[in-house]
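Q: Before anything else, here's the structure in question.
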Amino acid sequence: TDKQGRVYGIGGSGNSVIYNNVYRFDNDQWTTVASMNYPRQIPAVATDSSGYIYALGGFKMGSEADSTVERYDSENNVWKELPSMNVPRGGFAAFTDSNGNLYAMGGATNGGVHTNTCEKLDPNTPEQGWKFVTPISNAQWIQGTKGVDGMFYLCGGWLSSQRTTNAVNIFNPNTGTFSSYSPMNISTNNFGVVAMPNGRIYALGGDEGNSRVE
């Protein structure tokens, strides 16, 4: 969502085509806004306190991962390209911290190879590029959300051992360190996760490899 609370649909794929289309839900209807510079499927998306929306990575056709990054200015309806990540990746989590730094964590790189790498960019000094930070304990596809406490909650996912996990790890952007948290009841991947204003975190749907979670 942007600063006005409007919801966006970004990229995706269908009928063997990967899209750069962007849609916004406003006044009870979906409208088309400026397209991204690059088509993306399974990208990561993050927002910051200034209202910018970031689209990172994703997959091109097949299992080739993308490293490009861009930022959407909803007030001017324009996308601006930012420095590419060090590691091309899709199926990963992205966050911004209270200082506006942008993070990319985990996911899968070219050929679907899982990665535990994490990196950070300061969009205010893009010339400095992306810097690696503490890696996740496991190489994996992953979902995540930013809590009201400012921590990054990385939940579940698909491990390189080809199984789902119910593990939850917390990244503290102030210290740059991870800690373990209570695991979810179900091991799952490709699900939605959201932090509520009351501090609760909800995980919705997903799959356990060969079966869907409802």
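Residue numbering restarts at 1 for every chain of the structure tokens, chains are lettered A, B, ... in their displayed order, and ligands are numbered from 1 as they appear.
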Can you write out as CSV which residues of range 35-83 of chain A fall within 12 Å of range 134-158 of chain A, alongside each residue's closest atom pair and its distance in Å to one decimal, counting only C-alpha atoms and ordering rows by chain and ascending residue number?

A:
```
residue,atom,partner,partner_atom,distance
A:Ile42,CA,A:Trp141,CA,10.7
A:Pro43,CA,A:Gln143,CA,11.3
A:Ala44,CA,A:Gln143,CA,9.2
A:Val45,CA,A:Thr145,CA,10.6
A:Ala46,CA,A:Thr145,CA,9.3
A:Thr47,CA,A:Lys146,CA,10.2
A:Asp48,CA,A:Lys146,CA,10.8
A:Ser49,CA,A:Gly150,CA,11.8
A:Gly58,CA,A:Trp141,CA,11.7
```

Q: Any chance you could tabulate, as CSV, the residues of range 130-211 of chain A at most 9 Å from range 68-90 of chain A with each one's nearest atom pair and distance in Å to one decimal, using only C-alpha atoms, in chain and rising number order?

A:
```
residue,atom,partner,partner_atom,distance
A:Trp130,CA,A:Met85,CA,6.0
A:Lys131,CA,A:Asn86,CA,8.1
A:Phe132,CA,A:Asn86,CA,8.3
A:Trp141,CA,A:Gly90,CA,8.0
```

Q: Taking 6 positions as the minimum chain separation for residues in the same chain, which residues sit within 12 Å of Thr31 in chain A when counting only C-alpha atoms? Answer as a ChimeraX atom specification.

A: /A:6-9,21-25

Q: If we count only C-alpha atoms and set the cut-off at 7 Å, which residues sit around Lys60 in chain A, ignoring sequence neighbours fewer than 6 positions away in its own chain? Please answer as a CSV table (one decimal) with N, CA and C atoms, in the first residue's frame.

A:
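Final output, saved to part-v3.csv:
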```
chain,number,residue,atom,x,y,z
A,40,ARG,N,8.2,-8.8,-14.1
A,40,ARG,CA,8.7,-9.6,-12.9
A,40,ARG,C,7.6,-10.6,-12.5
A,41,GLN,N,8.0,-11.9,-12.2
A,41,GLN,CA,7.2,-12.8,-11.6
A,41,GLN,C,7.8,-13.3,-10.3
A,66,ASP,N,16.2,-12.5,-11.4
A,66,ASP,CA,16.5,-11.1,-11.8
A,66,ASP,C,17.1,-10.3,-10.6
```

Q: Pull the strand (DSSP E or B) assignments for range 11-42 of chain A out of DSSP run on the backbone, and list those residues as a VMD selection string.

A: chain A and resid 11 to 14 17 to 26 29 to 33 41

Q: Keeping N, CA and C atoms for every residue in the selection just given, could you write it to a file as a compact mmCIF listing (two decimals), in the first residue's frame?

A:
```txt
# COMPACT_ATOMS: atom_id res chain seq x y z
N GLY A 11 3.16 -6.77 -11.28
CA GLY A 11 3.79 -7.84 -12.06
C GLY A 11 2.99 -9.13 -12.04
N GLY A 12 3.73 -10.25 -12.23
CA GLY A 12 3.10 -11.56 -12.29
C GLY A 12 3.28 -12.20 -13.65
N SER A 13 2.63 -13.32 -13.87
CA SER A 13 2.76 -14.03 -15.14
C SER A 13 1.48 -14.79 -15.46
N GLY A 14 1.32 -15.13 -16.72
CA GLY A 14 0.18 -15.90 -17.18
C GLY A 14 0.29 -16.15 -18.66
N VAL A 17 3.63 -15.53 -20.34
CA VAL A 17 4.05 -14.14 -20.44
C VAL A 17 4.30 -13.60 -19.04
N ILE A 18 5.41 -12.87 -18.86
CA ILE A 18 5.69 -12.20 -17.60
C ILE A 18 5.37 -10.72 -17.78
N TYR A 19 4.69 -10.15 -16.80
CA TYR A 19 4.15 -8.80 -16.95
C TYR A 19 4.90 -7.76 -16.13
N ASN A 20 4.89 -6.53 -16.64
CA ASN A 20 5.38 -5.38 -15.88
C ASN A 20 4.22 -4.46 -15.49
N ASN A 21 3.00 -4.92 -15.70
CA ASN A 21 1.82 -4.12 -15.41
C ASN A 21 1.68 -3.87 -13.90
N VAL A 22 1.11 -2.71 -13.57
CA VAL A 22 0.85 -2.35 -12.18
C VAL A 22 -0.57 -1.81 -12.09
N TYR A 23 -1.32 -2.29 -11.09
CA TYR A 23 -2.70 -1.87 -10.89
C TYR A 23 -2.88 -1.35 -9.47
N ARG A 24 -3.78 -0.39 -9.34
CA ARG A 24 -4.06 0.21 -8.03
C ARG A 24 -5.55 0.13 -7.74
N PHE A 25 -5.87 -0.29 -6.51
CA PHE A 25 -7.27 -0.36 -6.09
C PHE A 25 -7.61 0.92 -5.34
N ASP A 26 -8.52 1.69 -5.92
CA ASP A 26 -8.86 2.99 -5.36
C ASP A 26 -10.32 3.28 -5.69
N GLN A 29 -12.40 0.35 -7.21
CA GLN A 29 -12.12 -0.18 -8.53
C GLN A 29 -10.61 -0.23 -8.78
N TRP A 30 -10.22 -1.15 -9.67
CA TRP A 30 -8.82 -1.28 -10.06
C TRP A 30 -8.55 -0.40 -11.27
N THR A 31 -7.47 0.37 -11.20
CA THR A 31 -7.05 1.21 -12.32
C THR A 31 -5.60 0.91 -12.66
N THR A 32 -5.23 1.15 -13.90
CA THR A 32 -3.86 0.93 -14.35
C THR A 32 -3.02 2.16 -14.06
N VAL A 33 -1.83 1.95 -13.51
CA VAL A 33 -0.89 3.05 -13.28
C VAL A 33 0.38 2.74 -14.09
N GLN A 41 8.04 -11.87 -12.23
CA GLN A 41 7.18 -12.84 -11.58
C GLN A 41 7.84 -13.31 -10.28
```

Q: Go ahead and compute the interatomic distance for CA of Ala94 in chain A and CA of Tyr54 in chain A, in Å to one decimal.

A: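 CA of Tyr54 in chain A lies at a distance of 8.7 Å from CA of Ala94 in chain A.
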
Q: Between CA of Leu204 in chain A and CA of Asn166 in chain A, what is the distance, to one decimal in Å?

A: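 Separating CA of Leu204 in chain A from CA of Asn166 in chain A is a distance of 12.9 Å.
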
Q: Go through A:Ser187, A:Asn27, A:Ser160, A:Thr96 one by one, measure the shortest atom-to-atom distance of each to Thr109 in chain A using only C-alpha atoms, and give the residue with the smallest value.

A: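 Closest to Thr109 in chain A, using only C-alpha atoms: A:Ser160.
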
Q: Could you give me the residues within range 80-165 of chain A that DSSP places in helix (DSSP H, G or I), as a PyMOL selection string?

A: chain A and resi 110-112+126-128
